[in-house]
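S.K.: I have a structure here, written as structure tokens, and I will follow up with some questions on it.
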Amino acid sequence: MLSFNEAEFVSQTESLIALRPRIEEVVDRLVDEGCDQVLLVGAGGTYAQMWPYEHLARRSSQLPVRAAIAAELVVSGDARLGERTVAVFTSVSGTTEDTLRAVDFCKSKGAHTIGFTGHPDSPVAQHVDTALISAPKAWPFDVQMLLFMGRLLSRRGEFEGYERLAGELAGLPRILVDVARQAEPVASAFAEAHKDTDYHFLIGGGNLWGFTYLYSMCILEEMQWLRTTRVHSAEFFHGSLELLEENTSVIVFQGEDETRPLTDRAEAFARRVSKDVTVFDTRDHALEGISPEFRGLLAPLVLDTVMDRVSKHLERVRGHSLDLRRYYRVMDY
């Protein structure tokens, strides 16, 4: 597979799963102490990665849980923020300035801060109250967040299948390598067909809306300098559909939660207009060892693996490095 270090990928994924006992210990303590709000704080891609777990809590729990943009949280505040708030942060490098400022802000209000990162000596790891460290560069944060939110809801009596789900996650390294292998020829074909495409229209919903936002903004825009439109499948018919034309590249991210019919509806309309609709569907992957009722929860992680293959092939055919930036962490702002 192109630019895929299988041994490193497996090792990184195993390091995320290995955090389970520590995550459960932290969650149990916070529940016992009586937390009454959870803030899931991020910036850019790490903000978008919080949305599936806000979505999960909103569907299942009476506990206030919301995703927050780090920089906005600092300037706007949160009326509920206090000593019984748990604020969760993620940062691959542990150096994201907006995230670091938000950590300090939440601590100043008495909240307990938790940080997921791969660098124990990083500013974020050093500033949070509880640092949970994985292998360096491990991405995405879905495993940690699913364990964290699953355990939290389980302790509250709002997720009875948690223990079984957490046990099944042990098979993820093998499962995701299989996903990557299956996606490789599809990714190569998509990249070859779209090497000169400079605009993509992305659709997703439910717990894949965050990934839709992330792939649009953080990969296609930031890493490939391509123009995009991203729209939630439930909002597709309220404006953005007017941008569709016969040759518009439409990318649909389809999962297996209760919002699937909304994305089906948007896809069906897109196909009536555009001759270039590509659907990346988690149902196309076996995910052996994962119970049917948990497949939907893993959709962001599965499509992150699939679309990483697409990204690497876009990098190849376009001759545009995924590491190249003009402004991000290049200029002061």
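By convention here, the chains of the structure tokens are called A, B, ... in the order presented, each chain's residues are numbered starting at 1, and ligands are numbered starting at 1 in the order presented.
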Taking 5 positions as the minimum chain separation for residues in the same chain, which residues sit within 9 Å of A:Ile219 when counting only C-alpha atoms? Answer as a CSV table (one decimal) with N, CA and C atoms, in the first residue's frame.
M.R.:
```csv
chain,number,residue,atom,x,y,z
A,214,LEU,N,-14.0,17.6,8.7
A,214,LEU,CA,-12.5,17.5,8.8
A,214,LEU,C,-11.9,17.2,7.5
A,224,GLN,N,-4.2,20.0,0.5
A,224,GLN,CA,-4.1,19.9,-1.0
A,224,GLN,C,-4.5,21.2,-1.7
A,225,TRP,N,-4.9,22.2,-1.0
A,225,TRP,CA,-5.3,23.5,-1.5
A,225,TRP,C,-6.4,23.4,-2.6
A,226,LEU,N,-7.3,22.6,-2.3
A,226,LEU,CA,-8.5,22.4,-3.2
A,226,LEU,C,-9.7,23.1,-2.6
A,311,SER,N,-6.1,10.1,0.4
A,311,SER,CA,-5.2,11.3,0.5
A,311,SER,C,-3.8,11.0,0.0
A,322,LEU,N,1.3,16.3,1.2
A,322,LEU,CA,0.3,16.5,2.3
A,322,LEU,C,0.9,17.3,3.5
```
S.K.: Enumerate, in order of chain and increasing residue number, the residues of stretch 114-181 of chain A with an atom no farther than 9 Å from stretch 96-104 of chain A, each with its shortest atom pair and distance in Å to one decimal, counting only C-alpha atoms, as a Markdown table.
M.R.:
```
| residue | atom | partner | partner_atom | distance |
| --- | --- | --- | --- | --- |
| A:Ile114 | CA | A:Val103 | CA | 8.7 |
| A:Gly115 | CA | A:Val103 | CA | 8.8 |
| A:Pro123 | CA | A:Leu100 | CA | 7.1 |
| A:Val124 | CA | A:Leu100 | CA | 5.7 |
| A:His127 | CA | A:Val103 | CA | 7.0 |
| A:Val128 | CA | A:Val103 | CA | 6.5 |
```
S.K.: Tell me which of A:Ile203, A:Gln144, A:Leu297, A:Met307 sits closest to A:Ser15, counting only C-alpha atoms.
M.R.: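 When distances to A:Ser15 are compared using only C-alpha atoms, the smallest one comes from A:Gln144.
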S.K.: What's around stretch 69-75 of chain A at 12 Å? Count only C-alpha atoms, leave out sequence neighbours fewer than 6 positions away in its own chain, and write the answer as a PyMOL selection string.
M.R.: chain A and resi 39-51+81+87-91+96-109
S.K.: Please identify all polymer residues within 8 Å of A:Leu2, counting only C-alpha atoms, omitting same-chain residues fewer than 2 positions from it, and present them as a list in words.
M.R.: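 Selected residues are Phe4, Arg309, Lys312 and His313 of chain A.
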S.K.: Which neighbours of stretch 154-164 of chain A fall inside 9 Å, counting only C-alpha atoms, when residues of the same chain fewer than 3 positions from it are skipped, and could you give them as JSON, numbers by chain?
M.R.: {"A": [27, 28, 31, 60, 61, 62, 63, 147, 149, 150, 151, 167, 168, 169, 291, 294]}
S.K.: Write the residues of the preceding selection, restricted to N, CA and C atoms, as an mmCIF file, in the first residue's frame.
M.R.:
```cif
data_model
loop_
_atom_site.group_PDB
_atom_site.id
_atom_site.type_symbol
_atom_site.label_atom_id
_atom_site.label_comp_id
_atom_site.auth_asym_id
_atom_site.auth_seq_id
_atom_site.Cartn_x
_atom_site.Cartn_y
_atom_site.Cartn_z
ATOM 1 N N VAL A 27 -12.296 7.998 34.273
ATOM 2 C CA VAL A 27 -13.735 8.225 34.164
ATOM 3 C C VAL A 27 -14.447 7.820 35.450
ATOM 4 N N ASP A 28 -14.092 6.670 35.999
ATOM 5 C CA ASP A 28 -14.738 6.202 37.224
ATOM 6 C C ASP A 28 -14.556 7.199 38.363
ATOM 7 N N VAL A 31 -16.767 10.315 37.703
ATOM 8 C CA VAL A 31 -18.183 10.033 37.955
ATOM 9 C C VAL A 31 -18.443 9.974 39.451
ATOM 10 N N SER A 60 -28.042 9.583 23.872
ATOM 11 C CA SER A 60 -28.131 8.555 24.897
ATOM 12 C C SER A 60 -28.211 9.060 26.330
ATOM 13 N N SER A 61 -27.855 10.318 26.579
ATOM 14 C CA SER A 61 -27.605 10.727 27.955
ATOM 15 C C SER A 61 -28.319 12.022 28.321
ATOM 16 N N GLN A 62 -28.617 12.138 29.614
ATOM 17 C CA GLN A 62 -29.131 13.382 30.172
ATOM 18 C C GLN A 62 -27.994 14.314 30.590
ATOM 19 N N LEU A 63 -26.760 13.823 30.566
ATOM 20 C CA LEU A 63 -25.609 14.642 30.963
ATOM 21 C C LEU A 63 -25.306 15.672 29.887
ATOM 22 N N LEU A 147 -13.846 5.114 23.970
ATOM 23 C CA LEU A 147 -13.667 4.493 25.284
ATOM 24 C C LEU A 147 -14.079 5.448 26.404
ATOM 25 N N MET A 149 -16.172 8.147 26.284
ATOM 26 C CA MET A 149 -17.601 8.431 26.324
ATOM 27 C C MET A 149 -18.400 7.175 26.614
ATOM 28 N N GLY A 150 -17.953 6.040 26.069
ATOM 29 C CA GLY A 150 -18.652 4.786 26.342
ATOM 30 C C GLY A 150 -18.620 4.431 27.817
ATOM 31 N N ARG A 151 -17.467 4.556 28.447
ATOM 32 C CA ARG A 151 -17.358 4.259 29.872
ATOM 33 C C ARG A 151 -18.198 5.225 30.700
ATOM 34 N N GLY A 167 -14.189 -4.636 24.595
ATOM 35 C CA GLY A 167 -13.467 -5.871 24.340
ATOM 36 C C GLY A 167 -13.244 -6.112 22.858
ATOM 37 N N GLU A 168 -14.242 -5.793 22.050
ATOM 38 C CA GLU A 168 -14.124 -5.995 20.606
ATOM 39 C C GLU A 168 -13.117 -5.045 19.966
ATOM 40 N N LEU A 169 -12.873 -3.894 20.597
ATOM 41 C CA LEU A 169 -11.903 -2.945 20.046
ATOM 42 C C LEU A 169 -10.493 -3.510 20.024
ATOM 43 N N SER A 291 -19.570 -6.425 16.557
ATOM 44 C CA SER A 291 -20.999 -6.731 16.572
ATOM 45 C C SER A 291 -21.767 -5.734 15.715
ATOM 46 N N PHE A 294 -22.562 -2.232 16.955
ATOM 47 C CA PHE A 294 -21.474 -1.300 17.219
ATOM 48 C C PHE A 294 -20.839 -0.747 15.946
#
```
S.K.: So that I can see what lies close to A:Val277, please list as a list in words the residues with an atom at most 7 Å from it, counting only C-alpha atoms and leaving out residues fewer than 4 positions away in the same chain.
M.R.: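 Here the qualifying residues turn out to be Ser249, Val250, Ile251 and Arg271 of chain A.
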S.K.: Given the selection you just returned, output its residues as a file containing N, CA, C and O atoms, formatted as a short mmCIF file (atom, residue, chain, number, x, y, z; two decimals), in the first residue's frame.
M.R.:
```
data_model
loop_
_atom_site.label_atom_id
_atom_site.label_comp_id
_atom_site.auth_asym_id
_atom_site.auth_seq_id
_atom_site.Cartn_x
_atom_site.Cartn_y
_atom_site.Cartn_z
N SER A 249 -17.77 17.12 -8.73
CA SER A 249 -17.34 15.95 -7.98
C SER A 249 -18.04 15.97 -6.62
O SER A 249 -17.82 16.86 -5.81
N VAL A 250 -18.89 14.97 -6.39
CA VAL A 250 -19.61 14.85 -5.11
C VAL A 250 -19.06 13.64 -4.37
O VAL A 250 -19.01 12.53 -4.91
N ILE A 251 -18.63 13.87 -3.14
CA ILE A 251 -18.12 12.80 -2.28
C ILE A 251 -19.12 12.61 -1.15
O ILE A 251 -19.42 13.54 -0.41
N ARG A 271 -27.15 12.35 -7.55
CA ARG A 271 -26.98 11.53 -8.76
C ARG A 271 -27.91 11.98 -9.89
O ARG A 271 -27.63 11.71 -11.06
#
```
S.K.: Ranking A:Thr95, A:Thr305, A:Thr263, A:Ser11 by minimum distance to A:Ala135 and counting only C-alpha atoms, which one comes first?
M.R.: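 Once distances to A:Ala135 are computed over only C-alpha atoms, the minimum belongs to A:Ser11.
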S.K.: Identify, with DSSP run on backbone atoms, the residues in stretch 26-80 of chain A assigned to helix (DSSP H, G or I), and express the list as a list of chain:residue names.
M.R.: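 In stretch 26-80 of chain A, DSSP puts these residues in helix (DSSP H, G or I): A:Val26, A:Val27, A:Asp28, A:Arg29, A:Leu30, A:Val31, A:Asp32, A:Glu33, A:Gly45, A:Thr46, A:Tyr47, A:Ala48, A:Trp51, A:Pro52, A:Tyr53, A:Glu54, A:His55, A:Leu56, A:Ala57, A:Arg58, A:Arg59, A:Ser60, A:Ala70, A:Ala71, A:Glu72, A:Leu73, A:Val74, A:Val75, A:Ser76.
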S.K.: Using N, CA and C atoms, can you export the residues from the last selection as a PDB file, in the first residue's frame?
M.R.:
```
ATOM      1  N   VAL A  26      -9.839   6.900  35.160  1.00  0.00           N
ATOM      2  CA  VAL A  26     -10.082   8.345  35.231  1.00  0.00           C
ATOM      3  C   VAL A  26     -11.579   8.633  35.198  1.00  0.00           C
ATOM      4  N   VAL A  27     -12.296   7.998  34.273  1.00  0.00           N
ATOM      5  CA  VAL A  27     -13.735   8.225  34.164  1.00  0.00           C
ATOM      6  C   VAL A  27     -14.447   7.820  35.450  1.00  0.00           C
ATOM      7  N   ASP A  28     -14.092   6.670  35.999  1.00  0.00           N
ATOM      8  CA  ASP A  28     -14.738   6.202  37.224  1.00  0.00           C
ATOM      9  C   ASP A  28     -14.556   7.199  38.363  1.00  0.00           C
ATOM     10  N   ARG A  29     -13.365   7.737  38.464  1.00  0.00           N
ATOM     11  CA  ARG A  29     -13.094   8.711  39.537  1.00  0.00           C
ATOM     12  C   ARG A  29     -13.924   9.971  39.338  1.00  0.00           C
ATOM     13  N   LEU A  30     -13.996  10.448  38.114  1.00  0.00           N
ATOM     14  CA  LEU A  30     -14.747  11.674  37.846  1.00  0.00           C
ATOM     15  C   LEU A  30     -16.243  11.479  38.077  1.00  0.00           C
ATOM     16  N   VAL A  31     -16.767  10.315  37.703  1.00  0.00           N
ATOM     17  CA  VAL A  31     -18.183  10.033  37.955  1.00  0.00           C
ATOM     18  C   VAL A  31     -18.443   9.974  39.451  1.00  0.00           C
ATOM     19  N   ASP A  32     -17.550   9.319  40.176  1.00  0.00           N
ATOM     20  CA  ASP A  32     -17.717   9.204  41.629  1.00  0.00           C
ATOM     21  C   ASP A  32     -17.661  10.571  42.313  1.00  0.00           C
ATOM     22  N   GLU A  33     -16.892  11.486  41.729  1.00  0.00           N
ATOM     23  CA  GLU A  33     -16.777  12.825  42.307  1.00  0.00           C
ATOM     24  C   GLU A  33     -17.943  13.724  41.907  1.00  0.00           C
ATOM     25  N   GLY A  45      -9.301  20.089  13.094  1.00  0.00           N
ATOM     26  CA  GLY A  45      -9.615  18.667  13.014  1.00  0.00           C
ATOM     27  C   GLY A  45      -9.937  18.036  14.348  1.00  0.00           C
ATOM     28  N   THR A  46      -9.265  18.470  15.408  1.00  0.00           N
ATOM     29  CA  THR A  46      -9.560  17.872  16.709  1.00  0.00           C
ATOM     30  C   THR A  46     -10.907  18.338  17.248  1.00  0.00           C
ATOM     31  N   TYR A  47     -11.364  19.510  16.841  1.00  0.00           N
ATOM     32  CA  TYR A  47     -12.725  19.945  17.174  1.00  0.00           C
ATOM     33  C   TYR A  47     -13.728  19.070  16.439  1.00  0.00           C
ATOM     34  N   ALA A  48     -13.523  18.873  15.142  1.00  0.00           N
ATOM     35  CA  ALA A  48     -14.441  18.053  14.354  1.00  0.00           C
ATOM     36  C   ALA A  48     -14.492  16.625  14.874  1.00  0.00           C
ATOM     37  N   TRP A  51     -17.226  15.793  17.513  1.00  0.00           N
ATOM     38  CA  TRP A  51     -18.658  15.802  17.194  1.00  0.00           C
ATOM     39  C   TRP A  51     -19.333  14.434  17.304  1.00  0.00           C
ATOM     40  N   PRO A  52     -18.699  13.336  16.870  1.00  0.00           N
ATOM     41  CA  PRO A  52     -19.388  12.048  17.010  1.00  0.00           C
ATOM     42  C   PRO A  52     -19.708  11.701  18.462  1.00  0.00           C
ATOM     43  N   TYR A  53     -18.913  12.200  19.388  1.00  0.00           N
ATOM     44  CA  TYR A  53     -19.073  11.820  20.786  1.00  0.00           C
ATOM     45  C   TYR A  53     -20.016  12.770  21.518  1.00  0.00           C
ATOM     46  N   GLU A  54     -20.125  13.988  21.040  1.00  0.00           N
ATOM     47  CA  GLU A  54     -21.229  14.854  21.436  1.00  0.00           C
ATOM     48  C   GLU A  54     -22.538  14.259  20.919  1.00  0.00           C
ATOM     49  N   HIS A  55     -22.518  13.796  19.686  1.00  0.00           N
ATOM     50  CA  HIS A  55     -23.688  13.185  19.056  1.00  0.00           C
ATOM     51  C   HIS A  55     -24.133  11.954  19.837  1.00  0.00           C
ATOM     52  N   LEU A  56     -23.184  11.100  20.222  1.00  0.00           N
ATOM     53  CA  LEU A  56     -23.495   9.901  20.996  1.00  0.00           C
ATOM     54  C   LEU A  56     -24.137  10.258  22.326  1.00  0.00           C
ATOM     55  N   ALA A  57     -23.567  11.233  23.020  1.00  0.00           N
ATOM     56  CA  ALA A  57     -24.106  11.637  24.320  1.00  0.00           C
ATOM     57  C   ALA A  57     -25.488  12.259  24.176  1.00  0.00           C
ATOM     58  N   ARG A  58     -25.674  13.054  23.135  1.00  0.00           N
ATOM     59  CA  ARG A  58     -26.971  13.709  22.936  1.00  0.00           C
ATOM     60  C   ARG A  58     -28.072  12.682  22.694  1.00  0.00           C
ATOM     61  N   ARG A  59     -27.736  11.602  22.008  1.00  0.00           N
ATOM     62  CA  ARG A  59     -28.708  10.544  21.728  1.00  0.00           C
ATOM     63  C   ARG A  59     -29.019   9.709  22.964  1.00  0.00           C
ATOM     64  N   SER A  60     -28.042   9.583  23.872  1.00  0.00           N
ATOM     65  CA  SER A  60     -28.131   8.555  24.897  1.00  0.00           C
ATOM     66  C   SER A  60     -28.211   9.060  26.330  1.00  0.00           C
ATOM     67  N   ALA A  70     -11.864  25.662  20.744  1.00  0.00           N
ATOM     68  CA  ALA A  70     -10.980  26.136  21.803  1.00  0.00           C
ATOM     69  C   ALA A  70     -10.910  27.661  21.877  1.00  0.00           C
ATOM     70  N   ALA A  71     -10.643  28.318  20.762  1.00  0.00           N
ATOM     71  CA  ALA A  71     -10.465  29.767  20.773  1.00  0.00           C
ATOM     72  C   ALA A  71     -11.753  30.482  21.145  1.00  0.00           C
ATOM     73  N   GLU A  72     -12.889  29.968  20.674  1.00  0.00           N
ATOM     74  CA  GLU A  72     -14.165  30.603  20.991  1.00  0.00           C
ATOM     75  C   GLU A  72     -14.520  30.416  22.460  1.00  0.00           C
ATOM     76  N   LEU A  73     -14.220  29.250  23.001  1.00  0.00           N
ATOM     77  CA  LEU A  73     -14.497  29.001  24.410  1.00  0.00           C
ATOM     78  C   LEU A  73     -13.786  30.014  25.297  1.00  0.00           C
ATOM     79  N   VAL A  74     -12.551  30.343  24.955  1.00  0.00           N
ATOM     80  CA  VAL A  74     -11.768  31.272  25.766  1.00  0.00           C
ATOM     81  C   VAL A  74     -12.380  32.665  25.760  1.00  0.00           C
ATOM     82  N   VAL A  75     -12.848  33.125  24.606  1.00  0.00           N
ATOM     83  CA  VAL A  75     -13.372  34.489  24.542  1.00  0.00           C
ATOM     84  C   VAL A  75     -14.844  34.582  24.914  1.00  0.00           C
ATOM     85  N   SER A  76     -15.612  33.500  24.727  1.00  0.00           N
ATOM     86  CA  SER A  76     -17.045  33.541  25.012  1.00  0.00           C
ATOM     87  C   SER A  76     -17.413  32.930  26.356  1.00  0.00           C
TER      88      SER A  76
END
```
S.K.: Grab the atom CA of A:Glu14 to atom CA of A:Ala166 distance for me, in Å with one decimal place.
M.R.: 13.0 Å
S.K.: Pull the strand (DSSP E) assignments for stretch 140-210 of chain A out of DSSP run on the backbone, and list those residues as number ranges by chain.
M.R.: A: 199-204
S.K.: For A:Ala234, list every protein, DNA or RNA residue within 6 Å, evaluated using only C-alpha atoms, and leave out those in the same chain fewer than 2 positions away; present the list as a PDB file with C-alpha atoms, in the first residue's frame.
M.R.:
```pdb
ATOM      1  CA  HIS A 232     -24.663  18.012   6.480  1.00  0.00           C
ATOM      2  CA  PHE A 236     -28.407  19.476   1.913  1.00  0.00           C
ATOM      3  CA  LEU A 262     -30.846  11.308   5.296  1.00  0.00           C
TER       4      LEU A 262
END
```
S.K.: Rank A:Gly94, A:Arg181, A:Ala191, A:Gly171 by their smallest atom-to-atom distance to A:Ala18, using only C-alpha atoms, and report the top residue only.
M.R.: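 Of the candidates, the smallest distance to A:Ala18 is held by A:Gly171.
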S.K.: Of the candidates A:Lys137, A:His194, A:Arg265, A:Arg20, which one gets nearest to A:Glu8 if we count only C-alpha atoms?
M.R.: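 Answer, going by the shortest atom-to-atom distance: A:Lys137.
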